[in-house]
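Peer 1: Take a look at this one; I'll ask things after.
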Amino acid sequence: MTNGRRDADDYDAIAIENRWQTRWDDEGTNRFTESALRTAKRPFYNLMMFPYPSAEGLHVGNMYAFTGADIYGRWKRLLGEDVFEPIGFDAFGIHSENFAMKVGVHPMELIPRNIANFTRQLKRIGAMYDWDHTVDTTAPEYYKWTQWIFLQLYKAGLAEKKEAAVNWCPSCMTVLSNEQVISGECERCGSKVEQRLLSQWFFRITKYAQRLLDNLEWIDWSDSTIKAQENWIGRSEGAELRFPVVGHEPLLVPVFTTRPDTVFGATFLVLAPEHVAVASIASDAQRAEVEAYRERAASLDLVTRKKADKEKTGVFTGAYACNPATGENIPVWIADYVLMEYGTGAIMAVPGHDERDFEFAKQYDLEIRRVVAGDADVDVSPLEEAYTGPGRLVNSQKFDGMNTVDGIRSVTALLAQQGFADARVNYRLHDWCISRQRYWGPPIPILYCDRCGTVPVPETDLPVELPFVESYKPDESGVSPLARVESWYRTTCPQCGGEAKRETDVSDTFLDSAWYFLRYPSANNGDMAFDPELTKKWLPVNMYIGGEEHAVLHLLYSRFITMVLKDLGHIEFEEPYTTFRKHGLLIKEGAKMSKSRGNVVIPDAYLEKWGADTFRMYLMFLGPYQEGGDFRDQGLIGPYGFLNRLWETVLPVEELGGGAPDAGVERKLHQTIRKVTEDIAALRYNTAVAAMMEYLNTVRAGNRSVVRSEIEPLVVLVAPFAPHIAEELWERLGYTKSIFAPAEDGSDAGNWPAFDDEKARVNTIEFVISVNGKPRARMNVAPGITETHAKDVGLEDVNVQRALEGKTIRKMIFIADKLLNIVVS
RNA sequence: GCCGAGGUGGCGGAAUGGUAGACGCAGGGGACUUAAAAUCCCUCGAUCGCAAGGUCAUGCGGGUUCGAAUCCCGCCCUCGGCACCA
């Protein structure tokens, strides 16, 4: 745009992008045929987290994630690999359902509309998705297999139904997740949330806890994601100790502790209010109080109950237990700070050495006994606060003087001998509750028959289709709206032919997404969930890029399902993603993007103003991809100017010179190819873009005339970031095939340029002479300057001499091709 | 409280033991233009100096080292995750 009007040959991003997107679509450039999927020579499965198709449309956060992943895939394709890059829609779930209720449109109507809008937007960003292999988790052809997976777990004994406490909003009449409870109130209506006991389906993920933990050692994932999973699984080593209840022999109350060495300081026992032993051991005198407390605890919502800073409460049961180490009788209490779902639901309280027990003992005036002294001061004075560190045992009979590590082992061994203890490992991880008392999900494929009991739906009867239900709002009954559709849930038992009733709960959305990557290559297969041959060829996923918000849920559940499917003989690998990289978080002008702040970036307007190429490039340039960055409208002009200058430099092609590149430019070119290649491989996209900009500046410096061999490789380097302009320039450079197609020399290679270390080698370096670490002179020399030579030249420099005046040289440090540091005093 | 990441010009960010501030934005000056936009060229951490050059500077305080944004110790702050897990 040099003359205020647009010449035919000006860079018109929108027109170019429309043209190439249409062409990719028409020619199926990025789509595998079924046979091509089977014959691919160098398969590379490039996966990104499929979006939930909200009504708002594609968010800039989605686009940031997808662009970074697409650049990786396009780069792999330019290297000549057969890259499979699918996308789909995670469209079931509470989010969609709540939104549908809000706008008063049935989800069965709303979701297809949203998917159509998302598809349009996803095509607009120029990612190389295979639109012939997409999934929609709400399609019966998909959730048929989600139900099939449920049945495989059921048959393997990994799915079981049991009672569990859930959050219940009495006004919305629905179960809430913990995330939807804000300080005891419903996030949507503000009502006080209650606790309800419901019978629900669980997957026994805890059975896989150790394996899920062990494999973290060898899978190639972002460190922070691995750490998050480790913490979530939460392995702790310790012991189970058993305390006989006085007068109720042979009843033993088991407790889990990581500090069996402190058992001599266990001055009372605390059970969770729900603990089964409570009813039988409570004394008559205390029974009324105990019952009242249990009722109060049961009515409290789960989030408030688990708040650590809540004041501790509890009641004495009237019973005593025998401390097997000391032989003393200690009181048994119940308190809601002890959680039924962790360990055994009971603890031995050691107030001297546990902060919570200390607080509780203070509250109810229970004995606090020191049994550990800090190493430095073998101190037996009373405790002002709980001492939780290591040290030496005191007041512990024959174990006195022993350190914490030996104490844990020795005390456990002694009590084990007497039958009161076993070494034990505990995990924080809970079984995965997959029941949802909602409408918008795949029905759980189970039937209940009066005669046969719980009966799985035969695989041949799948899918159990979700019926269209006009009024799908949840109600206060605590069961799914499907329980109101008698015509649907009444059925016959496949075993006895008698009357049966369907399970009316649907499954968790996370089950839909726990296996979607297995479905993509087989997306069009109606006969099985995943074709064995295709699965073997393409899986596990080679590269998975996504946000860290899924570090523990989706990424853990999909690992679990993969392990189960392997154990059941359906697949041959147990980790779904060979490499996982998290991307960072985008913020807007220093602040987190949120609807309430009104600073959410909607990509559409930017795409229309600047084009997808500029937008993609800017997103990758604004900060390190794996750490995130700050989106500023002002910043887009940078990459836009770069693409404009690239356009002007290549065109018109007839004016490009032929022949050999300038020596200096060629050196910079090979350095740039090397840097961009290494940076993309490591997802350092921001510095890759900077290197390309630097190279273009070098090529254009001083308005010199450019030869084709200098600029053509840059078009390829830019292609993963700005695929449309790259295709256009490539075509204008005279190539007939797509820049992403295999190179025209017939080899397996793609068009990505190779770098030559020889050609990248510098012929002059700037050598620094410093005095006491401060640079005093710089000189341009040929690499390989000797120490002697450097000293000769360096000491002659006037500036250096000035710095040396009146000082004595103590020594000189020579670092080859970098610097000479003269140390003086 | 615990785990993880981070704190560098006016701004986004480079540099992970060896020239601090690559690349880009914004700002300043200039060319072209009737003018504006666009484009191009120069300049651009602070401070002292006519200049050569000096001094200061990577959250704060110490340390290691010939040399520290980078490594170690102790603090402060920001962001993300987990949180009564025994």
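Letters A, B, ... mark the chains of the structure tokens in the order given; residue numbers begin at 1 per chain; ligand numbers begin at 1, in order shown.
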I'd like a table as a Markdown table: residues in chain A with an atom no more than 6 Å from chain B, each row giving the shortest atom pair and its distance in Å to one decimal, only C-alpha atoms (C1' of nucleotides) counted, sorted by chain and rising residue number.

Peer 2:
```
| residue | atom | partner | partner_atom | distance |
| --- | --- | --- | --- | --- |
| A:Thr2 | CA | B:A38 | C1' | 5.8 |
| A:Ser224 | CA | B:G4 | C1' | 6.0 |
| A:Thr257 | CA | B:A86 | C1' | 5.7 |
| A:Ala308 | CA | B:C84 | C1' | 4.4 |
| A:Tyr337 | CA | B:C84 | C1' | 5.3 |
| A:Arg428 | CA | B:C85 | C1' | 5.8 |
| A:Gly635 | CA | B:C25 | C1' | 5.5 |
| A:Gly638 | CA | B:G24 | C1' | 5.7 |
| A:Ala690 | CA | B:C23 | C1' | 4.4 |
| A:Gly773 | CA | B:G67 | C1' | 4.9 |
| A:Val823 | CA | B:C66 | C1' | 5.9 |
```

Peer 1: Keeping N, CA and C atoms for every residue in the selection just given, could you write it to a file as a PDB file, in the first residue's frame?

Peer 2:
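Contents of result-v7.pdb, freshly written:
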```pdb
ATOM      1  N   THR A   2       1.456   1.526  -1.092  1.00  0.00           N
ATOM      2  CA  THR A   2       2.412   2.618  -1.099  1.00  0.00           C
ATOM      3  C   THR A   2       1.816   3.930  -1.594  1.00  0.00           C
ATOM      4  N   SER A 224       5.907 -29.158  34.979  1.00  0.00           N
ATOM      5  CA  SER A 224       4.901 -28.659  35.917  1.00  0.00           C
ATOM      6  C   SER A 224       3.645 -29.537  35.880  1.00  0.00           C
ATOM      7  N   THR A 257      -1.324 -43.439  59.543  1.00  0.00           N
ATOM      8  CA  THR A 257      -0.433 -42.344  59.941  1.00  0.00           C
ATOM      9  C   THR A 257       0.868 -42.418  59.172  1.00  0.00           C
ATOM     10  N   ALA A 308      -9.817 -25.454  55.725  1.00  0.00           N
ATOM     11  CA  ALA A 308      -8.799 -25.704  56.740  1.00  0.00           C
ATOM     12  C   ALA A 308      -8.845 -24.688  57.871  1.00  0.00           C
ATOM     13  N   TYR A 337     -13.144 -32.610  61.178  1.00  0.00           N
ATOM     14  CA  TYR A 337     -11.876 -32.367  60.457  1.00  0.00           C
ATOM     15  C   TYR A 337     -11.253 -33.674  59.997  1.00  0.00           C
ATOM     16  N   ARG A 428      -3.944 -39.893  47.964  1.00  0.00           N
ATOM     17  CA  ARG A 428      -4.935 -38.831  48.079  1.00  0.00           C
ATOM     18  C   ARG A 428      -6.018 -38.998  47.009  1.00  0.00           C
ATOM     19  N   GLY A 635       0.488  -4.383  19.404  1.00  0.00           N
ATOM     20  CA  GLY A 635       1.560  -5.278  18.983  1.00  0.00           C
ATOM     21  C   GLY A 635       1.386  -5.882  17.605  1.00  0.00           C
ATOM     22  N   GLY A 638       3.541  -5.086  14.320  1.00  0.00           N
ATOM     23  CA  GLY A 638       4.898  -5.606  14.124  1.00  0.00           C
ATOM     24  C   GLY A 638       4.946  -6.751  13.124  1.00  0.00           C
ATOM     25  N   ALA A 690      11.424 -13.787  15.978  1.00  0.00           N
ATOM     26  CA  ALA A 690      12.418 -12.708  16.059  1.00  0.00           C
ATOM     27  C   ALA A 690      13.581 -12.984  15.113  1.00  0.00           C
ATOM     28  N   GLY A 773      36.282  -7.797  35.150  1.00  0.00           N
ATOM     29  CA  GLY A 773      34.907  -8.132  34.752  1.00  0.00           C
ATOM     30  C   GLY A 773      34.178  -7.025  34.034  1.00  0.00           C
ATOM     31  N   VAL A 823      42.658  -9.387  35.591  1.00  0.00           N
ATOM     32  CA  VAL A 823      42.342  -9.193  37.005  1.00  0.00           C
ATOM     33  C   VAL A 823      43.433  -8.357  37.645  1.00  0.00           C
TER      34      VAL A 823
END
```

Peer 1: Please give the complete set of residues from segment 514-553 of chain A that DSSP, run on the backbone, assigns to helix (DSSP H, G or I), formatted as number ranges by chain.

Peer 2: A: 516-522, 532-538, 548-550

Peer 1: What lies within 6 Å of segment 312-328 of chain A using only C-alpha atoms (C1' of nucleotides), ignoring chain neighbours under 4 positions off, as a PyMOL selection string?

Peer 2: chain A and resi 243-246+282-283+286+332-335+360

Peer 1: Could you work out how far atom CA of Leu656 of chain A lies from atom CA of Leu636 of chain A, giving the answer in Å with one decimal?

Peer 2: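 Computed distance, atom CA of Leu636 of chain A to atom CA of Leu656 of chain A, equals 28.4 Å.
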
Peer 1: Within 10 Å of Met617 of chain A, counting only C-alpha atoms (C1' of nucleotides), which residues show up once you throw out same-chain ones fewer than 5 positions away? Write them as a PyMOL selection string, please.

Peer 2: chain A and resi 67-68+71+612+622+636+638-640+642-643+685-686+689+718+720-722

Peer 1: Any idea what's packed within 8 Å of Tyr64 of chain A, counting only C-alpha atoms (C1' of nucleotides), ignoring anything in its chain fewer than 3 positions away? Could you give it as number ranges by chain?

Peer 2: A: 60-61, 67-68, 586, 616, 619-620

Peer 1: Would you export the selected residues with all heavy atoms as a PDB file, in the first residue's frame, please?

Peer 2:
```pdb
ATOM      1  N   VAL A  60      -9.992 -16.369  22.132  1.00  0.00           N
ATOM      2  CA  VAL A  60      -8.598 -16.171  21.726  1.00  0.00           C
ATOM      3  C   VAL A  60      -7.680 -17.174  22.429  1.00  0.00           C
ATOM      4  O   VAL A  60      -6.639 -17.549  21.903  1.00  0.00           O
ATOM      5  CB  VAL A  60      -8.143 -14.715  21.970  1.00  0.00           C
ATOM      6  CG1 VAL A  60      -7.986 -14.421  23.445  1.00  0.00           C
ATOM      7  CG2 VAL A  60      -6.865 -14.417  21.215  1.00  0.00           C
ATOM      8  N   GLY A  61      -8.115 -17.647  23.607  1.00  0.00           N
ATOM      9  CA  GLY A  61      -7.336 -18.668  24.310  1.00  0.00           C
ATOM     10  C   GLY A  61      -7.307 -19.975  23.527  1.00  0.00           C
ATOM     11  O   GLY A  61      -6.270 -20.619  23.436  1.00  0.00           O
ATOM     12  N   THR A  67      -3.110 -22.532  17.491  1.00  0.00           N
ATOM     13  CA  THR A  67      -2.076 -22.025  16.594  1.00  0.00           C
ATOM     14  C   THR A  67      -0.723 -22.629  16.951  1.00  0.00           C
ATOM     15  O   THR A  67       0.010 -23.099  16.091  1.00  0.00           O
ATOM     16  CB  THR A  67      -2.017 -20.486  16.656  1.00  0.00           C
ATOM     17  OG1 THR A  67      -3.287 -19.972  16.281  1.00  0.00           O
ATOM     18  CG2 THR A  67      -0.948 -19.945  15.740  1.00  0.00           C
ATOM     19  N   GLY A  68      -0.407 -22.640  18.243  1.00  0.00           N
ATOM     20  CA  GLY A  68       0.874 -23.201  18.665  1.00  0.00           C
ATOM     21  C   GLY A  68       0.993 -24.669  18.275  1.00  0.00           C
ATOM     22  O   GLY A  68       2.054 -25.121  17.839  1.00  0.00           O
ATOM     23  N   LEU A 586      -2.804 -16.618  28.251  1.00  0.00           N
ATOM     24  CA  LEU A 586      -2.817 -15.287  27.641  1.00  0.00           C
ATOM     25  C   LEU A 586      -3.505 -14.314  28.589  1.00  0.00           C
ATOM     26  O   LEU A 586      -4.584 -14.601  29.099  1.00  0.00           O
ATOM     27  CB  LEU A 586      -3.642 -15.316  26.356  1.00  0.00           C
ATOM     28  CG  LEU A 586      -2.966 -15.504  25.011  1.00  0.00           C
ATOM     29  CD1 LEU A 586      -3.954 -15.179  23.916  1.00  0.00           C
ATOM     30  CD2 LEU A 586      -1.718 -14.671  24.886  1.00  0.00           C
ATOM     31  N   ARG A 616      -1.906 -15.061  13.821  1.00  0.00           N
ATOM     32  CA  ARG A 616      -1.162 -16.243  14.287  1.00  0.00           C
ATOM     33  C   ARG A 616       0.254 -15.854  14.684  1.00  0.00           C
ATOM     34  O   ARG A 616       0.755 -16.243  15.732  1.00  0.00           O
ATOM     35  CB  ARG A 616      -1.069 -17.283  13.158  1.00  0.00           C
ATOM     36  CG  ARG A 616      -2.351 -18.020  12.850  1.00  0.00           C
ATOM     37  CD  ARG A 616      -2.243 -18.769  11.510  1.00  0.00           C
ATOM     38  NE  ARG A 616      -1.186 -19.777  11.543  1.00  0.00           N
ATOM     39  CZ  ARG A 616      -1.419 -21.096  11.613  1.00  0.00           C
ATOM     40  NH1 ARG A 616      -2.644 -21.560  11.637  1.00  0.00           N
ATOM     41  NH2 ARG A 616      -0.410 -21.926  11.637  1.00  0.00           N
ATOM     42  N   LEU A 619       0.347 -13.847  17.919  1.00  0.00           N
ATOM     43  CA  LEU A 619       0.108 -14.676  19.109  1.00  0.00           C
ATOM     44  C   LEU A 619       1.371 -15.430  19.514  1.00  0.00           C
ATOM     45  O   LEU A 619       1.664 -15.601  20.694  1.00  0.00           O
ATOM     46  CB  LEU A 619      -1.019 -15.678  18.844  1.00  0.00           C
ATOM     47  CG  LEU A 619      -2.438 -15.116  18.806  1.00  0.00           C
ATOM     48  CD1 LEU A 619      -3.424 -16.213  18.425  1.00  0.00           C
ATOM     49  CD2 LEU A 619      -2.825 -14.504  20.141  1.00  0.00           C
ATOM     50  N   MET A 620       2.122 -15.875  18.506  1.00  0.00           N
ATOM     51  CA  MET A 620       3.319 -16.654  18.805  1.00  0.00           C
ATOM     52  C   MET A 620       4.498 -15.773  19.205  1.00  0.00           C
ATOM     53  O   MET A 620       5.453 -16.229  19.812  1.00  0.00           O
ATOM     54  CB  MET A 620       3.700 -17.498  17.584  1.00  0.00           C
ATOM     55  CG  MET A 620       2.669 -18.540  17.239  1.00  0.00           C
ATOM     56  SD  MET A 620       2.328 -19.670  18.620  1.00  0.00           S
ATOM     57  CE  MET A 620       0.705 -19.135  19.133  1.00  0.00           C
TER      58      MET A 620
END
```
